[in-house]
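Data block below; observations after.
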Amino acid sequence: MAAVRVLGTWSRNAGRLICVRYFQTCNNVHILKPKYVCFFGYPSFKYSHPHQLLQTSAALQGQIVQFKLSDIGEGIREVTIKEWYVKEGDTVSQFDSICEVQSDKASVTITSRYDGVIKKLYYNLDDIAYVGKPLVDIETEALKDSEEDVVETPAVSHDEHTHQEIKGQKTLATPAVRRLAMENNIKLSEVVGSGKDGRILKEDILNYLEKQTGAILPPSPKAELVPPPPTPKGKVTPMPASKPPAFTGRDRTEPIKGFHKAMVKTMSAALKIPHFGYCDEVDLTELVKLREELKPIAFARGIKLSFMPFFLKAASLGLLQFPILNASVDENCQHITYKASHNIGVAMDTEQGLIVPNVKNVQICSIFEIATELNRLQKLGSIGQLSTTDLAGGTFTLSNIGSIGGTYTKPVILPPEVAIGALGSIKALPRFNHKGEVYKAQIMNVSWSADHRIIDGATMSRFSNLWKSYLENPAFMLLDLK
């Protein structure tokens, strides 16, 4: 049957705005019931009649959009699909989670940029998805306004028109920024981006919120002082029974992916660096006592206090004296860049493999702030939810291999860094004090590796001695803390 295309034109007669509908024949049209015809200027006059109106199928079905995997930064070109949060036929809104992908550096949650219905998933679990290729098909709710029989359009001011134009443009923002905006009920179209090509950054969201509410996010949570629960006496924690691995009797071949793929790339680059090794032992007897005193206080604030915050802070104080260890070199080793921030990485062993997130700006953080950040990174790392921001930008690294076992190691530098330290396990050993008396000491061995192209042995030794002095005499750190 013949179809009817609805065209709307506006005519102004005697100061009264009238909406007039014209009809033109075309194909494949759906028959709809009318709403009303409105004569502007006569708001009380509405005309309703049980006749039928016709509209095109595009207005009902929407538009199929290929939602492509966008660039998630850090030079990542491919990712592995780890989990789908939607299936075909699901309805999604803007900022809803679509899937979780695993790159060779971090896990990233991909969120929708459209409102609509999922029509097609292009990948199965554990498939490799490529940046710039379709991820899902979404039937959007475009042309939804054309279902309205009459649209009242009052005069639009210049400012409103400009705002509508901005809303019609593509908003550039990372999923983390979109999530922050969604959590605070902020429309990205109302935020002016300060990044490249108008990209909206986290700082833009925080500045916008500050102007609206006078508050700065994220707020610092107030730690509620809760006394630690009493430990039942005589209670023995049962050891979990380990299940023996099943013997299949067959070889198997699987692709290298995820963090293991990143390790192949990083260690291959590290082979080009001439490593210089240096080892020493540290007496942590005084530090062990101090930590035991501070543990209940930190626990009352909801933070687990390990030795690592002290190790990181002592390293940062040492880097202030020896900035060459907090530097990087270009590929041809022609220029040295001295890093202003002490973003100290901490090697973590996870089910996904070895990862090295870093604590940002250790030089301006307190021991408690470092412990808080380490708790956050360890929690996210254990569930594979670390972001690329957590993993990028490291300037110096410490590996706490001793928490698993071992005394000495030979750590491998993570390019473009120039130094790394590995910490052995803490053992109770007999040592002599300054009076020649034997006492029970808490001894830890440390193994350093440095890029011998720009760092000599004397520099590494002096840095290690300074770092060691801070840990053997924790009160010394108070003199240099800022």
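All residue names refer to the structure tokens as shown: chains lettered A, B, ... in order, residues numbered from 1 in each chain, ligands numbered from 1 in order.
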
| query | Neighbours of stretch 368-380 of chain A within 10 Å (only C-alpha atoms; same-chain residues fewer than 5 positions away dropped), as JSON, numbers by chain? | reply | {"A": [107, 294, 298, 301, 302, 303, 304, 305, 306, 307, 308, 309, 310, 312, 313, 346, 348, 349, 350, 356, 357, 358, 359, 360, 361, 362, 385, 386, 387, 390, 391]}

Take the residues from that selection and write them out as a tab-separated table (two decimals), in the first residue's frame, keeping C-alpha atoms.
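Result file follows (again-v5.tsv):
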```tsv
chain	number	residue	atom	x	y	z
A	107	SER	CA	41.55	-4.45	32.92
A	294	LEU	CA	51.27	1.69	64.79
A	298	ALA	CA	46.07	2.04	61.38
A	301	ARG	CA	41.32	3.70	60.64
A	302	GLY	CA	40.48	0.75	58.43
A	303	ILE	CA	43.98	0.32	56.96
A	304	LYS	CA	46.31	-2.66	57.06
A	305	LEU	CA	49.83	-1.41	57.80
A	306	SER	CA	52.63	-3.48	56.29
A	307	PHE	CA	56.33	-2.72	56.00
A	308	MET	CA	56.00	-1.53	52.39
A	309	PRO	CA	54.86	2.06	53.18
A	310	PHE	CA	58.07	2.52	55.20
A	312	LEU	CA	58.57	3.30	49.82
A	313	LYS	CA	58.90	6.45	51.93
A	346	VAL	CA	55.24	-2.27	43.70
A	348	MET	CA	52.44	-7.82	42.81
A	349	ASP	CA	51.81	-11.49	42.20
A	350	THR	CA	48.22	-12.06	41.06
A	356	VAL	CA	53.43	-3.48	38.80
A	357	PRO	CA	51.04	-0.70	39.84
A	358	ASN	CA	52.61	2.39	41.33
A	359	VAL	CA	51.91	4.77	44.18
A	360	LYS	CA	51.84	8.29	42.75
A	361	ASN	CA	53.79	11.20	44.27
A	362	VAL	CA	55.27	9.33	47.21
A	385	GLN	CA	40.44	-4.34	38.28
A	386	LEU	CA	43.53	-2.12	38.12
A	387	SER	CA	43.26	0.72	35.61
A	390	ASP	CA	47.39	2.71	38.22
A	391	LEU	CA	49.92	0.86	36.06
```

| message | I'd like the contact shell of A:Ser447 - 10 Å cut-off, only C-alpha atoms, skipping same-chain residues fewer than 3 positions apart - returned as a list in words. | response | Gly277, Tyr278, Cys279, Asp280, Glu281, Leu398, Ser399, Thr407, Tyr408, Thr409, Lys410, Pro411, Ile420, Gly421, Ala422, Leu423, Gly424 and Ser464 of chain A

| What lies within 7 Å of A:Leu69 using only C-alpha atoms, ignoring chain neighbours under 5 positions off, as a PyMOL selection string? | chain A and resi 130-135

| For A:Val282: contacts at 12 Å, only C-alpha atoms, fewer than 2 positions along chain excluded, given as a PyMOL selection string | chain A and resi 279-280+284-288+311+407+423-429+431+441-447+464-473

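Coordinates place atom CA of A:Glu351 at a distance of 20.0 Å from atom CA of A:Cys99.
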
| request: May I have all residues of stretch 252-470 of chain A that DSSP, computed from the backbone, assigns to helix (DSSP H, G or I), given as a ChimeraX atom specification? | output: /A:259-270,285-300,308-321,323-326,362-364,367-382,388-391,401-403,457-470

| field | Shell around A:Leu172 at 10 Å using only C-alpha atoms, local window under 5 positions removed, as a count of residues only | value | 11

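In this structure, atom CA of A:Lys120 sits 7.4 Å away from atom CA of A:Ile138.
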
| Contacts of A:Lys261 at 12 Å (only C-alpha atoms; same-chain gap of 6+ positions) as a list of chain:residue names | A:Ile76, A:Glu78, A:Val79, A:Thr80, A:Gln102, A:Ser103, A:Asp104, A:Lys105, A:Ala106, A:Pro255, A:Met267, A:Ser268, A:Gln352, A:Gly353, A:Leu354, A:Ile355

| message | Neighbouring residues of A:Val92 were defined as those with any atom within 12 Å, considering only C-alpha atoms; residues of the same chain fewer than 6 positions away were excluded. Please report them as a PyMOL selection string. | response | chain A and resi 85-86+98+111-119+136-141

| task | Mind giving me the straight-line distance from atom CA of A:Ile205 to atom CA of A:Ser341 in Å, one decimal? | result |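 Going from atom CA of A:Ile205 over to atom CA of A:Ser341, I get 23.7 Å.
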
| field | Nearest-residue call for A:Tyr338, choices A:Asn433, A:Tyr208, A:Pro323, A:Thr253, using only C-alpha atoms | value |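 Selected residue with least distance to A:Tyr338: A:Pro323.
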